[in-house]
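What follows is the content of input01.csv (CSV, C-alpha atoms).
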chain,number,residue,atom,x,y,z
A,29,MET,CA,0.8,-8.0,14.7
A,30,VAL,CA,0.2,-4.3,14.1
A,31,CYS,CA,1.2,-2.0,16.9
A,32,ASP,CA,-0.3,1.4,17.6
A,33,ALA,CA,1.7,4.4,18.9
A,34,ASN,CA,1.8,2.9,22.4
A,35,GLY,CA,3.1,-0.4,21.2
A,36,LYS,CA,-0.3,-2.1,21.8
A,37,ILE,CA,-1.1,-4.9,19.3
A,38,ILE,CA,-4.2,-4.2,17.4
A,39,THR,CA,-4.1,-6.8,14.6
A,40,SER,CA,-2.4,-10.2,14.1
A,41,PHE,CA,-1.2,-11.9,10.9
A,42,LEU,CA,0.3,-15.2,9.9
A,43,PRO,CA,4.1,-15.4,9.3
A,44,LYS,CA,5.0,-12.7,6.9
A,45,LYS,CA,7.8,-10.2,6.2
A,46,PHE,CA,6.5,-6.7,6.6
A,47,LEU,CA,8.3,-3.9,4.9
A,48,CYS,CA,7.8,-0.4,6.2
A,49,GLU,CA,9.7,2.2,4.2
A,50,ASN,CA,9.4,5.5,5.9
A,51,CYS,CA,10.1,8.8,4.2
A,52,HIS,CA,12.3,10.4,6.9
A,53,ASN,CA,15.8,11.7,6.4
A,54,ASN,CA,16.2,9.2,3.5
A,55,LEU,CA,16.2,6.4,6.1
A,56,LYS,CA,14.3,3.2,5.4
A,57,TYR,CA,12.9,1.2,8.3
A,58,GLN,CA,12.4,-2.5,7.5
A,59,THR,CA,11.0,-4.9,10.0
A,60,PHE,CA,12.4,-8.4,9.6
A,61,PHE,CA,10.5,-11.2,11.4
A,62,GLY,CA,11.6,-14.7,12.4
A,63,LEU,CA,10.1,-17.8,13.9
A,64,SER,CA,10.7,-19.3,17.3
A,65,TRP,CA,13.1,-22.2,17.6
A,66,ARG,CA,10.1,-24.5,17.6
A,67,GLY,CA,9.0,-23.1,14.2
A,68,ILE,CA,6.1,-21.2,15.6
A,69,ALA,CA,5.6,-17.6,14.5
A,70,HIS,CA,5.4,-15.5,17.6
A,71,PHE,CA,6.6,-12.0,17.0
A,72,GLN,CA,5.4,-10.0,14.0
A,73,PRO,CA,4.8,-6.3,14.9
A,74,LEU,CA,4.3,-4.0,11.9
A,75,LEU,CA,5.7,-0.5,12.6
A,76,THR,CA,3.0,1.7,11.0
A,77,ASP,CA,3.1,5.3,10.0
A,78,THR,CA,0.8,6.1,13.0
A,79,SER,CA,3.5,4.8,15.3
A,80,PHE,CA,5.8,7.7,14.4
A,81,GLY,CA,3.6,10.4,13.0
A,82,ILE,CA,5.4,10.5,9.6
A,83,ASN,CA,4.4,9.5,6.1
A,84,SER,CA,5.2,5.9,5.2
A,85,LYS,CA,4.8,3.4,2.4
A,86,LEU,CA,3.8,-0.1,3.5
A,87,ALA,CA,4.3,-3.4,1.7
A,88,VAL,CA,3.5,-6.9,2.8
A,89,LEU,CA,5.8,-9.7,1.6
A,90,ASN,CA,5.8,-13.4,2.3
A,91,MET,CA,9.2,-14.7,3.6
A,92,PRO,CA,10.4,-17.7,1.7
A,93,ASP,CA,11.0,-21.0,3.6
A,94,PRO,CA,9.1,-19.8,6.7
A,95,VAL,CA,9.5,-22.9,8.9
A,96,THR,CA,13.3,-23.6,8.7
A,97,ALA,CA,14.3,-20.1,7.7
A,98,ARG,CA,17.4,-21.3,5.9
A,99,GLU,CA,20.2,-18.8,5.7
A,100,SER,CA,20.8,-19.8,2.1
A,101,ILE,CA,17.3,-18.6,1.2
A,102,TRP,CA,16.7,-15.8,3.6
A,103,LEU,CA,19.9,-13.8,3.2
A,104,PRO,CA,19.7,-13.6,-0.6
A,105,PHE,CA,16.0,-12.6,-0.2
A,106,ILE,CA,17.0,-9.8,2.3
A,107,GLN,CA,19.6,-8.5,-0.1
A,108,GLU,CA,17.8,-8.9,-3.5
A,109,GLU,CA,14.1,-8.5,-2.7
A,110,LEU,CA,14.1,-6.3,0.4
A,111,GLN,CA,17.3,-4.5,-0.6
A,112,CYS,CA,18.4,-3.8,3.0
A,113,ASP,CA,21.3,-1.4,2.9
A,114,GLU,CA,23.1,1.4,4.8
A,115,GLU,CA,19.8,3.3,5.0
A,116,THR,CA,17.9,0.4,6.6
A,117,VAL,CA,17.2,-0.7,10.2
A,118,ILE,CA,16.5,-4.4,10.4
A,119,ILE,CA,14.4,-5.6,13.4
A,120,GLY,CA,14.9,-9.3,13.9
A,121,HIS,CA,13.2,-11.6,16.4
A,122,SER,CA,14.4,-15.1,17.3
A,123,SER,CA,15.7,-16.8,14.1
A,124,GLY,CA,15.0,-13.4,12.4
A,125,ALA,CA,17.7,-12.0,14.8
A,126,ALA,CA,20.1,-14.7,13.7
A,127,ALA,CA,19.5,-14.0,10.1
A,128,ALA,CA,19.9,-10.2,10.7
A,129,MET,CA,23.2,-10.8,12.4
A,130,ARG,CA,24.5,-13.1,9.6
A,131,TYR,CA,23.4,-10.5,7.0
A,132,ALA,CA,25.3,-7.8,8.9
A,133,GLU,CA,28.5,-9.8,8.7
A,134,THR,CA,28.7,-9.0,5.0
A,135,HIS,CA,26.5,-6.0,4.5
A,136,LYS,CA,26.4,-2.5,5.9
A,137,VAL,CA,23.1,-1.5,7.5
A,138,TYR,CA,22.1,1.6,9.5
A,139,GLY,CA,20.9,-0.4,12.5
A,140,LEU,CA,19.9,-3.7,14.0
A,141,ILE,CA,17.2,-4.1,16.6
A,142,LEU,CA,17.5,-7.7,17.9
A,143,VAL,CA,14.8,-9.3,20.0
A,144,GLY,CA,15.4,-12.8,21.6
A,145,ALA,CA,18.8,-13.2,19.9
A,146,TYR,CA,20.9,-16.3,20.5
A,147,THR,CA,24.2,-17.9,19.3
A,148,SER,CA,23.7,-21.7,18.9
A,149,ASP,CA,21.3,-24.2,17.4
A,150,LEU,CA,20.1,-25.0,21.0
A,151,GLY,CA,20.4,-28.7,20.2
A,152,ASP,CA,17.4,-28.4,17.8
A,153,GLU,CA,17.5,-30.2,14.4
A,154,ASN,CA,15.5,-27.5,12.7
A,155,GLU,CA,17.9,-24.8,14.0
A,156,ARG,CA,20.8,-26.8,12.7
A,157,GLU,CA,19.2,-27.1,9.3
A,158,SER,CA,18.8,-23.3,9.1
A,159,GLY,CA,22.6,-22.9,8.6
A,160,TYR,CA,23.2,-20.0,10.9
A,161,PHE,CA,25.1,-21.8,13.7
A,162,GLY,CA,27.7,-24.0,12.0
A,163,ARG,CA,30.5,-21.4,12.2
A,164,PRO,CA,31.8,-18.7,14.5
A,165,TRP,CA,30.0,-15.3,14.7
A,166,GLU,CA,32.0,-12.5,13.2
A,167,TRP,CA,31.3,-9.9,15.9
A,168,GLU,CA,34.0,-7.4,14.9
A,169,GLN,CA,32.8,-7.4,11.3
A,170,MET,CA,29.2,-6.8,12.4
A,171,ARG,CA,30.3,-3.9,14.6
A,172,ARG,CA,32.1,-2.4,11.7
A,173,ASN,CA,29.1,-2.8,9.3
A,174,VAL,CA,26.3,-1.6,11.6
A,175,GLY,CA,25.9,2.0,12.9
A,176,HIS,CA,23.5,1.3,15.7
A,177,ILE,CA,22.7,-2.0,17.6
A,178,VAL,CA,19.9,-2.4,20.1
A,179,GLN,CA,19.0,-5.6,21.8
A,180,PHE,CA,16.0,-6.8,23.9
A,181,GLY,CA,16.3,-9.9,26.0
A,182,SER,CA,14.7,-11.5,29.0
A,183,THR,CA,16.1,-13.9,31.6
A,184,ASP,CA,12.9,-15.9,31.7
A,185,ASP,CA,12.8,-16.7,28.0
A,186,PRO,CA,11.6,-20.3,27.9
A,187,PHE,CA,13.6,-21.1,24.7
A,188,LEU,CA,16.8,-19.1,25.0
A,189,PRO,CA,19.4,-19.3,27.8
A,190,TRP,CA,20.3,-15.9,29.1
A,191,GLU,CA,24.0,-16.7,28.6
A,192,GLU,CA,23.5,-16.8,24.9
A,193,GLN,CA,21.5,-13.6,24.8
A,194,GLN,CA,24.3,-12.0,26.9
A,195,ALA,CA,26.9,-13.3,24.6
A,196,VAL,CA,25.2,-11.5,21.6
A,197,ALA,CA,25.2,-8.3,23.6
A,198,GLU,CA,28.8,-8.6,24.5
A,199,GLY,CA,29.9,-9.6,21.0
A,200,LEU,CA,28.1,-6.7,19.4
A,201,GLY,CA,28.6,-4.1,22.0
A,202,ALA,CA,24.8,-3.7,21.8
A,203,VAL,CA,22.7,-1.4,23.9
A,204,LEU,CA,21.0,-4.1,25.9
A,205,HIS,CA,17.5,-3.9,27.4
A,206,LYS,CA,17.4,-6.7,29.9
A,207,TYR,CA,14.1,-7.9,31.4
A,208,THR,CA,13.1,-10.6,33.8
A,209,ASP,CA,9.4,-11.0,32.8
A,210,ARG,CA,9.1,-10.8,29.0
A,211,GLY,CA,9.7,-14.5,28.1
A,212,HIS,CA,10.2,-14.8,24.3
A,213,PHE,CA,8.6,-11.4,23.7
A,214,GLN,CA,5.2,-12.7,22.8
A,215,ASN,CA,3.7,-9.8,24.7
A,216,THR,CA,0.6,-7.9,23.6
A,217,GLN,CA,2.4,-4.7,24.1
A,218,PHE,CA,6.0,-3.6,23.2
A,219,PRO,CA,6.2,0.1,23.5
A,220,GLU,CA,10.0,-0.1,24.1
A,221,LEU,CA,10.4,-1.3,20.5
A,222,ILE,CA,8.6,1.7,19.2
A,223,ASP,CA,10.8,4.0,21.4
A,224,ALA,CA,14.0,2.3,20.1
A,225,VAL,CA,13.0,2.9,16.5
A,226,ARG,CA,12.1,6.5,17.3
A,227,LYS,CA,15.5,7.1,18.8
A,228,LEU,CA,17.3,5.7,15.8
A,229,MET,CA,15.1,8.0,13.6
A,230,ALA,CA,16.1,11.0,15.7
A,231,ALA,CA,19.8,10.0,15.3
A,232,ALA,CA,19.5,9.8,11.5
Translate this file's structure into structure tokens.
Amino acid sequence: MVCDANGKIITSFLPKKFLCENCHNNLKYQTFFGLSWRGIAHFQPLLTDTSFGINSKLAVLNMPDPVTARESIWLPFIQEELQCDEETVIIGHSSGAAAAMRYAETHKVYGLILVGAYTSDLGDENERESGYFGRPWEWEQMRRNVGHIVQFGSTDDPFLPWEEQQAVAEGLGAVLHKYTDRGHFQNTQFPELIDAVRKLMAAA
């Protein structure tokens, strides 16, 4: 999806990784999208230059292994192809959030914005195969590696128990935006996400 300055979706795309590198205080903003636990692509907003009123370079890249989103494939791709580093904000939704968190265990990044994050395989075979959930989460290491952590979660998410979303927030010490009516964040508008990125830009 492409969002305008108000967070309203104006275009939709198939599952892809969208990279938005913004020329602002030498800080790169990269959006990292995942799939739902059922393997259906739901959340793919592209943060465009019009969202922030600054010059941007945009590139569209296919994520490898889009259905299972295996850690063994996605994390090397994030590092080697996307080159996410200390000047990068990673926005991860659903399994993209899980990948972003695992990446942050071993890499320094400027910020994480997590949407629909969770901690277990939810009893789902495809989630087990992804490889993210077979070991404890290294919360302390993530906190050391990430400068800013923002999380969006909703108590009515049909896929994710609130207890798991809360566990992520507590483990990371994230700034948690809690909702009761956003489901799995498949909304047609998400202005709060735009605002969160703007705030991180202002802090850079």
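With CA of Gln194 in chain A on one side and CA of Tyr146 in chain A on the other, the separation reads 8.4 Å.
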Residue with smallest distance to Val196 in chain A - pool A:Glu166, A:Asp223, A:Glu155, A:Asp184, counting only C-alpha atoms |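 Among the listed residues, the smallest separation from Val196 in chain A belongs to A:Glu166.
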Nearest to His205 in chain A: which of A:Gln107, A:Ser182, A:Ser158, A:Ser148 is it, counting all atoms listed in the file?
->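 The answer is A:Ser182, which sits nearest to His205 in chain A.
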Nearest to Val178 in chain A among A:Gly199, A:Gly139, A:Pro104, A:Gly144, with distances taken over all atoms listed in the file: which residue is it?
->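 Of A:Gly199, A:Gly139, A:Pro104, A:Gly144, the one nearest Val178 in chain A is A:Gly139, counting all atoms listed in the file.
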Kindly indicate which residue among A:Leu200, A:Cys112, A:Ala97, A:Ile177 lies nearest to Leu142 in chain A, using all atoms listed in the file for the distances.
->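 Comparing A:Leu200, A:Cys112, A:Ala97, A:Ile177 against Leu142 in chain A, the winner is A:Ile177.
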May I ask for the distance between CA of Lys136 in chain A and CA of Thr96 in chain A, given in Å to one decimal place?
-> 25.0 Å
Kindly give the distance, in Å, that separates CA of Lys227 in chain A and CA of Ser123 in chain A, rounded to a single decimal.
-> 24.4 Å
Need the shell around Gly181 in chain A: protein/DNA/RNA residues with any atom at most 12 Å away, counting all atoms listed in the file. Skip same-chain ones fewer than 3 positions apart. Format as a short mmCIF file (atom, residue, chain, number, x, y, z; two decimals) with C-alpha atoms, in the frame of the given file?
data_model
loop_
_atom_site.label_atom_id
_atom_site.label_comp_id
_atom_site.auth_asym_id
_atom_site.auth_seq_id
_atom_site.Cartn_x
_atom_site.Cartn_y
_atom_site.Cartn_z
CA HIS A 121 13.20 -11.60 16.40
CA SER A 122 14.40 -15.10 17.30
CA ALA A 125 17.70 -12.00 14.80
CA ILE A 141 17.20 -4.10 16.60
CA LEU A 142 17.50 -7.70 17.90
CA VAL A 143 14.80 -9.30 20.00
CA GLY A 144 15.40 -12.80 21.60
CA ALA A 145 18.80 -13.20 19.90
CA TYR A 146 20.90 -16.30 20.50
CA VAL A 178 19.90 -2.40 20.10
CA ASP A 184 12.90 -15.90 31.70
CA ASP A 185 12.80 -16.70 28.00
CA PRO A 186 11.60 -20.30 27.90
CA PHE A 187 13.60 -21.10 24.70
CA LEU A 188 16.80 -19.10 25.00
CA PRO A 189 19.40 -19.30 27.80
CA TRP A 190 20.30 -15.90 29.10
CA GLU A 191 24.00 -16.70 28.60
CA GLU A 192 23.50 -16.80 24.90
CA GLN A 193 21.50 -13.60 24.80
CA GLN A 194 24.30 -12.00 26.90
CA ALA A 195 26.90 -13.30 24.60
CA VAL A 196 25.20 -11.50 21.60
CA ALA A 197 25.20 -8.30 23.60
CA ALA A 202 24.80 -3.70 21.80
CA VAL A 203 22.70 -1.40 23.90
CA LEU A 204 21.00 -4.10 25.90
CA HIS A 205 17.50 -3.90 27.40
CA LYS A 206 17.40 -6.70 29.90
CA TYR A 207 14.10 -7.90 31.40
CA THR A 208 13.10 -10.60 33.80
CA ASP A 209 9.40 -11.00 32.80
CA ARG A 210 9.10 -10.80 29.00
CA GLY A 211 9.70 -14.50 28.10
CA HIS A 212 10.20 -14.80 24.30
CA PHE A 213 8.60 -11.40 23.70
CA GLN A 214 5.20 -12.70 22.80
CA GLU A 220 10.00 -0.10 24.10
CA LEU A 221 10.40 -1.30 20.50
#
Selected residue of minimal separation from Glu157 in chain A among A:Ile106, A:Leu140, A:Val95, A:Ala231, counting all atoms listed in the file =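 Result for the nearest residue to Glu157 in chain A: A:Val95.
Closest to Pro164 in chain A among A:Leu110, A:Ile222, A:Ala230, A:Met129 is A:Met129, based on all atoms listed in the file.
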